[in-house]
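Report on one structure; see the data block that follows.
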Amino acid sequence: MISLAQIPIPLIKIVVGLLGILIFIGLNGLACVYLERKVAGHIQRRPGPFEVGPHGILQPIADAVKLVAKQMITPKGADPILYWSAPIISFAPAIVCFLPLPFGPSLQNISINIGLIMVLAFSSLNVLALCLGGWSSQNKWSLLGAARDIAQSVAYEIPLLLSMLPIVLLTGSLNLADITAYQGAWPWQWLVVKQPLAFIIFFVCIFAETNRAPFDLPEAESELTAGFHTEYAGMGFGLFFLAEYSYMVVGCALATILFLGGYQGPVAPGWWWFLIKVYGLLMVMIWVRWSFPRVRFDQLLNLTWKWFTPLILINILITALVVKLI
Amino acid sequence: MLDTTLDSLDLRGDFYTRNFQPHPSENRLILNMGPQHPSTHGVLRVILEIDGEYIVRAEPVLGYIHRMHERMAEVKRYEQYLPNLGRIDYLHALAWNWAYVGAVERLMGLEVPKRAEYIRVITCELNRISSHLLWWGAYLLDLGAFTPIMYAFADREIIMDILQRITGSRLTYCYYRFGGVSQDIDDKFIEQTKELCKYLRPRLKMYKDFVTDNIIFRKRVEGIGIIETEILRKYGATGPVLRGSGIAYDVRKTKPYSVYSEIEFDVPSYELEDAFGRYLVRMQEMEESLKIIEQCLEQLPAGDFILPKAPKRPKPPAGEVYFTVEGARGEIGVHLLSDGSAYPYRLKLRSPSFSNLSLFPEVVKGTLLADAVSILGSLDLVIPEIDR
């Protein structure tokens, strides 16, 4: 028997951290479902869920039970291994994305000096999952959704990566804790003031990354019925759903850390400031989804290739010059 | 071009699937859009041949909701057929009511009282607004905006409540009778309608601010689905589809029936020829309808709401008549052939959606899948009306 003292401390930290992250993802999924449905309801002049529990507060749990209890169907002719691994591939990297995020001054699971790159690397695995899911379901609409997703990822990944470079140039670090520490407590000390253009481009690209309206092209239910997850039922769909919400939180958390000062706030800095900012941005994402029509596919490509990429390149150039000169 | 060698023993799919010949290129994909697709608005099926997301060929397949309305007319008495009319186009039911009732009246030479004519105009225009409102919401749903349909339905609800009180139904109206209408309108109806007009104008302005001027929406409709005059003429398109291409043809103006000649209103038309032109026409038409309703309420004469000596069970003399009215989707025509008995000998229904859909394959060629949805939505199709 190995005693408890023999287990290396980092391992314990990671296991505890992963457990915490899983709980957070689960709770966040429930909170987001409720938030989304309630906000959508009020935007559309209806009360939203109201039956299960007071003000429909238990609705997400009812939704989850329904999803878990549903039969999982593999379509005829689908490749079962690829088909069922896709939701897992979609969901699993989301957990890793949470590891280097500093939720509070001492609430960072692993403080590594490539934190930013790690988040980006794992969050782009989602594209692979969507591609596999769409391709293996033996459905033409799913295939179209998968094809759209690949093209979309090529379009948004580059401006997304480039929009973070000015921050890295300014702070001189890829460690998310260092980037947070670089910024001050007050809003005018946040990096969004120095890099407004980068923030806008980053935030718009997050919409594309998480497949949210107005860039929900891989799902596009009025065009592709349900896009890549047309054939998924039960928890297969549920995992895609959970992954989407997790990536939304990862994206908003990155925006908070890079541009909005992370966990720092004017009074009593701590994890609550982080959560307030993250959910504030989430509200904006939900608000946008229920307000705008969907863009067309080539319009998204035009926007990212012809506008965002040149603009952000100029932005990087100017930032680099300013950093060098001062 | 029936190919008997192709899968002649394989009976998978139906006639259309088996005989829709793919292009001899490997990059093409045959895609079934519908009959259960969210943006075909019912049970329309379009077989698409696509190259990537570009549409090479599109072929609508009809008949999924064919209910033999024309045949039913031949086995029912004239008055028994009335409820059928509300079910042909469920969105602008009163226009179909009117087309049939008007045809029978012309055959019999019935003179409709002035008050009844005004009531018909008011209710028909109310129904037109509710139809356009639903189209507006559904079209934006096609384009990926979820919220407008909720607003449209909230407004439409008020119109349905108003019409419910006097017609007795909310959707499939059967209100017009030979020689008038089934029930007179009362003060409450007039009051409610006036309030509605006051309420709807700012709403329509709000819709313009939020939707019509939205940049994403503009990019999705401007220059999309350009329909030239030649195609319109070839397929006999009518209604907002025609007026969206700059031809101000409206039955209410060109062949005025009822009291439309006494009412001042414009026929909006835009030279844009694209989906945006058709959108603008419908948005403008709602305001014109409000104008018509307000004028009619002012000029509403007293008198009978139905011709007192109008026969309940008509037996029109032998003859032939063709009567057209302007529906929300275009020119609605009823061609009635009578042999003097209590049953129509033959009834032909000309539905505008059928003609408007017919030009879809030509317009959609070479566009993206997302644009096809936009074009299909901009034609404002009601599938039961196409199949009848």
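Ordering of the structure tokens sets the chain letters (A, B, ...); residue numbers start at 1 within each chain; ligands are numbered from 1 in the order shown.
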**Request:** Excluding region 332-341 of chain B and any residue of its chain fewer than 5 positions from it, enumerate the residues within 9 Å of it, using only C-alpha atoms, and give them as a list of chain:residue names.
**Result:** B:Arg77, B:Ala95, B:Trp96, B:Ala99, B:Tyr100, B:Gly102, B:Ala103, B:Val104, B:Leu107, B:Lys315, B:Pro316, B:Pro317, B:Ala318, B:Gly319, B:Glu320, B:Val321, B:Tyr322, B:Phe323, B:Thr324, B:Val325, B:Glu326, B:Gly327, B:Arg346, B:Leu347, B:Lys348, B:Leu349, B:Arg350, B:Ser351, B:Pro352
May I have the residues from that selection written out with N, CA and C atoms, as a tab-separated table (two decimals), in the first residue's frame?
chain	number	residue	atom	x	y	z
B	77	ARG	N	-73.22	20.44	-52.63
B	77	ARG	CA	-74.05	21.55	-53.07
B	77	ARG	C	-73.26	22.84	-52.93
B	95	ALA	N	-60.12	35.63	-48.46
B	95	ALA	CA	-60.02	35.94	-49.89
B	95	ALA	C	-60.56	34.78	-50.72
B	96	TRP	N	-60.29	33.57	-50.30
B	96	TRP	CA	-60.84	32.41	-51.03
B	96	TRP	C	-62.34	32.35	-50.87
B	99	ALA	N	-63.62	34.81	-53.32
B	99	ALA	CA	-63.51	34.43	-54.73
B	99	ALA	C	-64.65	33.49	-55.13
B	100	TYR	N	-64.94	32.54	-54.26
B	100	TYR	CA	-65.99	31.56	-54.58
B	100	TYR	C	-67.37	32.20	-54.52
B	102	GLY	N	-68.12	35.29	-54.71
B	102	GLY	CA	-68.24	36.27	-55.78
B	102	GLY	C	-68.57	35.62	-57.11
B	103	ALA	N	-67.95	34.47	-57.38
B	103	ALA	CA	-68.22	33.78	-58.64
B	103	ALA	C	-69.67	33.33	-58.71
B	104	VAL	N	-70.15	32.76	-57.61
B	104	VAL	CA	-71.54	32.29	-57.59
B	104	VAL	C	-72.50	33.47	-57.73
B	107	LEU	N	-72.72	34.56	-61.24
B	107	LEU	CA	-73.47	33.59	-62.03
B	107	LEU	C	-74.97	33.79	-61.84
B	315	LYS	N	-79.31	27.69	-56.73
B	315	LYS	CA	-79.34	26.81	-57.91
B	315	LYS	C	-79.09	27.72	-59.10
B	316	PRO	N	-77.82	28.07	-59.33
B	316	PRO	CA	-77.55	29.06	-60.37
B	316	PRO	C	-77.90	28.54	-61.75
B	317	PRO	N	-78.21	29.45	-62.66
B	317	PRO	CA	-78.51	29.01	-64.03
B	317	PRO	C	-77.26	28.46	-64.70
B	318	ALA	N	-77.47	27.68	-65.75
B	318	ALA	CA	-76.33	27.13	-66.47
B	318	ALA	C	-75.48	28.24	-67.02
B	319	GLY	N	-74.17	28.07	-66.94
B	319	GLY	CA	-73.28	29.12	-67.44
B	319	GLY	C	-71.88	28.94	-66.90
B	320	GLU	N	-71.07	29.93	-67.22
B	320	GLU	CA	-69.67	29.85	-66.87
B	320	GLU	C	-69.22	31.20	-66.36
B	321	VAL	N	-68.41	31.20	-65.32
B	321	VAL	CA	-67.95	32.47	-64.78
B	321	VAL	C	-66.54	32.31	-64.23
B	322	TYR	N	-65.76	33.39	-64.39
B	322	TYR	CA	-64.42	33.39	-63.80
B	322	TYR	C	-64.28	34.66	-62.99
B	323	PHE	N	-63.97	34.51	-61.73
B	323	PHE	CA	-63.90	35.67	-60.85
B	323	PHE	C	-62.57	35.65	-60.11
B	324	THR	N	-61.94	36.81	-60.06
B	324	THR	CA	-60.65	36.87	-59.38
B	324	THR	C	-60.67	37.92	-58.28
B	325	VAL	N	-59.97	37.62	-57.22
B	325	VAL	CA	-59.74	38.60	-56.16
B	325	VAL	C	-58.25	38.61	-55.85
B	326	GLU	N	-57.84	39.65	-55.14
B	326	GLU	CA	-56.43	39.76	-54.77
B	326	GLU	C	-56.25	39.16	-53.38
B	327	GLY	N	-55.55	38.06	-53.31
B	327	GLY	CA	-55.24	37.45	-52.02
B	327	GLY	C	-53.90	37.95	-51.53
B	346	ARG	N	-68.27	21.94	-62.61
B	346	ARG	CA	-66.81	21.87	-62.48
B	346	ARG	C	-66.34	23.15	-61.82
B	347	LEU	N	-65.38	23.03	-60.92
B	347	LEU	CA	-64.83	24.19	-60.25
B	347	LEU	C	-63.32	24.13	-60.39
B	348	LYS	N	-62.76	25.19	-60.97
B	348	LYS	CA	-61.29	25.23	-61.08
B	348	LYS	C	-60.79	26.34	-60.18
B	349	LEU	N	-59.85	26.00	-59.32
B	349	LEU	CA	-59.28	26.99	-58.42
B	349	LEU	C	-57.90	27.37	-58.91
B	350	ARG	N	-57.72	28.67	-59.14
B	350	ARG	CA	-56.39	29.12	-59.55
B	350	ARG	C	-55.69	29.65	-58.30
B	351	SER	N	-54.67	28.93	-57.85
B	351	SER	CA	-54.00	29.38	-56.63
B	351	SER	C	-52.71	30.10	-56.99
B	352	PRO	N	-52.52	31.28	-56.42
B	352	PRO	CA	-51.32	32.06	-56.76
B	352	PRO	C	-50.02	31.40	-56.33
Report task. DSSP on the backbone, then: every residue of region 45-90 of chain B marked strand (DSSP E), written as a list in words. Result -> Arg45, Val46, Ile47, Leu48, Glu49, Ile50, Asp51, Tyr54, Ile55, Val56, Arg57, Ala58, Glu59, Pro60 and Val61 of chain B
Report task. Can you check which residues of chain A have any atom within 8 Å of chain B? Use only C-alpha atoms and format it as a VMD selection string. Result -> chain A and resid 43 to 45 140 144 213 to 214 220 to 223 225 290 to 297
Pairwise distance, CA of Leu85 (chain B) with CA of Arg177 (chain B), equals 11.7 Å
Counting only C-alpha atoms, the option among B:Gly236, B:Pro113, B:Gly377, B:Gly225 closest to Leu134 (chain B)
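Distance minimum relative to Leu134 (chain B) lands on B:Gly377.
Going from CA of Lys365 (chain B) to CA of Ala58 (chain B) covers 7.2 Å.
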For this session: Would you return as a ChimeraX atom specification the members of region 75-283 of chain A that DSSP assigns to helix (DSSP H, G or I) on this structure's backbone?
Result: /A:80-98,115-123,125-136,140-171,176-182,187-189,191-194,196-209,227-229,234-259,271-283
note - CA of Ala268 (chain A) and CA of Asp178 (chain A) are separated by 19.3 Å
*Nearest candidate to Pro310 (chain A) (options A:Gly133, A:Pro159, A:Pro75, A:Gly56; using only C-alpha atoms)*: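 So, comparing all the options, the nearest one is A:Pro159.
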Determine, counting only C-alpha atoms, which protein, DNA and RNA residues have an atom within 10 Å of an atom of Cys205 (chain A); residues of the same chain fewer than 4 positions away are not included. Present the result as a list in words.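 In the requested format, the answer is Ser153, Ala155, Tyr156, Glu157, Ile158, Pro159, Leu160, Leu161, Ser163, Phe199, Ile200, Ile201, Glu209, Thr210, Asn211, Phe215, Gly251, Thr304 and Phe308 of chain A.
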Next, write the just-selected residues to a file, as a short mmCIF file (atom, residue, chain, number, x, y, z; two decimals), in the first residue's frame, keeping N, CA and C atoms as the atom set.
data_model
loop_
_atom_site.label_atom_id
_atom_site.label_comp_id
_atom_site.auth_asym_id
_atom_site.auth_seq_id
_atom_site.Cartn_x
_atom_site.Cartn_y
_atom_site.Cartn_z
N SER A 153 -14.11 27.00 -39.30
CA SER A 153 -12.99 27.02 -38.35
C SER A 153 -11.75 27.62 -39.01
N ALA A 155 -11.80 29.84 -41.13
CA ALA A 155 -12.03 31.28 -41.24
C ALA A 155 -11.81 32.00 -39.92
N TYR A 156 -12.34 31.46 -38.82
CA TYR A 156 -12.28 32.25 -37.59
C TYR A 156 -11.04 32.00 -36.76
N GLU A 157 -10.38 30.84 -36.90
CA GLU A 157 -9.25 30.53 -36.02
C GLU A 157 -8.12 31.55 -36.17
N ILE A 158 -7.88 31.98 -37.41
CA ILE A 158 -6.72 32.85 -37.62
C ILE A 158 -6.92 34.22 -36.97
N PRO A 159 -8.03 34.91 -37.25
CA PRO A 159 -8.22 36.18 -36.52
C PRO A 159 -8.33 35.98 -35.02
N LEU A 160 -8.87 34.83 -34.60
CA LEU A 160 -8.98 34.57 -33.15
C LEU A 160 -7.60 34.52 -32.52
N LEU A 161 -6.70 33.76 -33.15
CA LEU A 161 -5.33 33.66 -32.63
C LEU A 161 -4.64 35.01 -32.69
N SER A 163 -5.88 37.93 -32.67
CA SER A 163 -6.41 38.97 -31.80
C SER A 163 -5.85 38.85 -30.39
N PHE A 199 -10.32 43.34 -28.89
CA PHE A 199 -11.41 42.78 -28.08
C PHE A 199 -12.63 42.48 -28.93
N ILE A 200 -12.99 43.43 -29.79
CA ILE A 200 -14.19 43.23 -30.63
C ILE A 200 -13.99 42.02 -31.54
N ILE A 201 -12.83 41.96 -32.18
CA ILE A 201 -12.59 40.84 -33.10
C ILE A 201 -12.56 39.53 -32.34
N GLU A 209 -16.58 30.46 -32.95
CA GLU A 209 -15.96 29.27 -32.36
C GLU A 209 -17.00 28.41 -31.65
N THR A 210 -17.93 29.06 -30.95
CA THR A 210 -18.91 28.29 -30.19
C THR A 210 -20.15 27.97 -31.01
N ASN A 211 -20.13 28.29 -32.30
CA ASN A 211 -21.27 28.03 -33.19
C ASN A 211 -22.56 28.65 -32.67
N PHE A 215 -23.56 33.15 -36.10
CA PHE A 215 -22.65 32.29 -36.86
C PHE A 215 -22.93 30.82 -36.61
N GLY A 251 -14.66 30.67 -23.69
CA GLY A 251 -14.45 31.86 -24.51
C GLY A 251 -14.65 33.14 -23.73
N THR A 304 -14.28 37.45 -42.00
CA THR A 304 -13.07 37.07 -41.27
C THR A 304 -11.82 37.27 -42.13
N PHE A 308 -11.34 41.07 -40.74
CA PHE A 308 -10.72 40.84 -39.44
C PHE A 308 -9.23 40.59 -39.56
#
List as a ChimeraX atom specification the protein and nucleic acid residues near region 247-255 of chain B, meaning an atom at most 10 Å away when only C-alpha atoms are counted, but skip any in the same chain fewer than 6 places from it. /B:229,232,238-241,261,265-271,273,324-327,330-332
| message | Excluding Asp184 (chain B) and its own-chain neighbours fewer than 4 positions away, which residues fall within 10 Å of it when counting only C-alpha atoms? Please give them as a list in words. | response | Arg115, Ala116, Ile119, Ile166, Thr167, Gly180, Phe189, Gly303, Asp304, Phe305 and Ile306 of chain B
Would you pick out the contacts of Glu244 (chain A) at 12 Å or less, using only C-alpha atoms, so that residues sharing its chain but fewer than 3 positions from it are not included, and give the list as a PyMOL selection string? chain A and resi 25+28-29+32-33+87+90-94+123+126-127+129-130+206-212+216+219+237-241+247-251
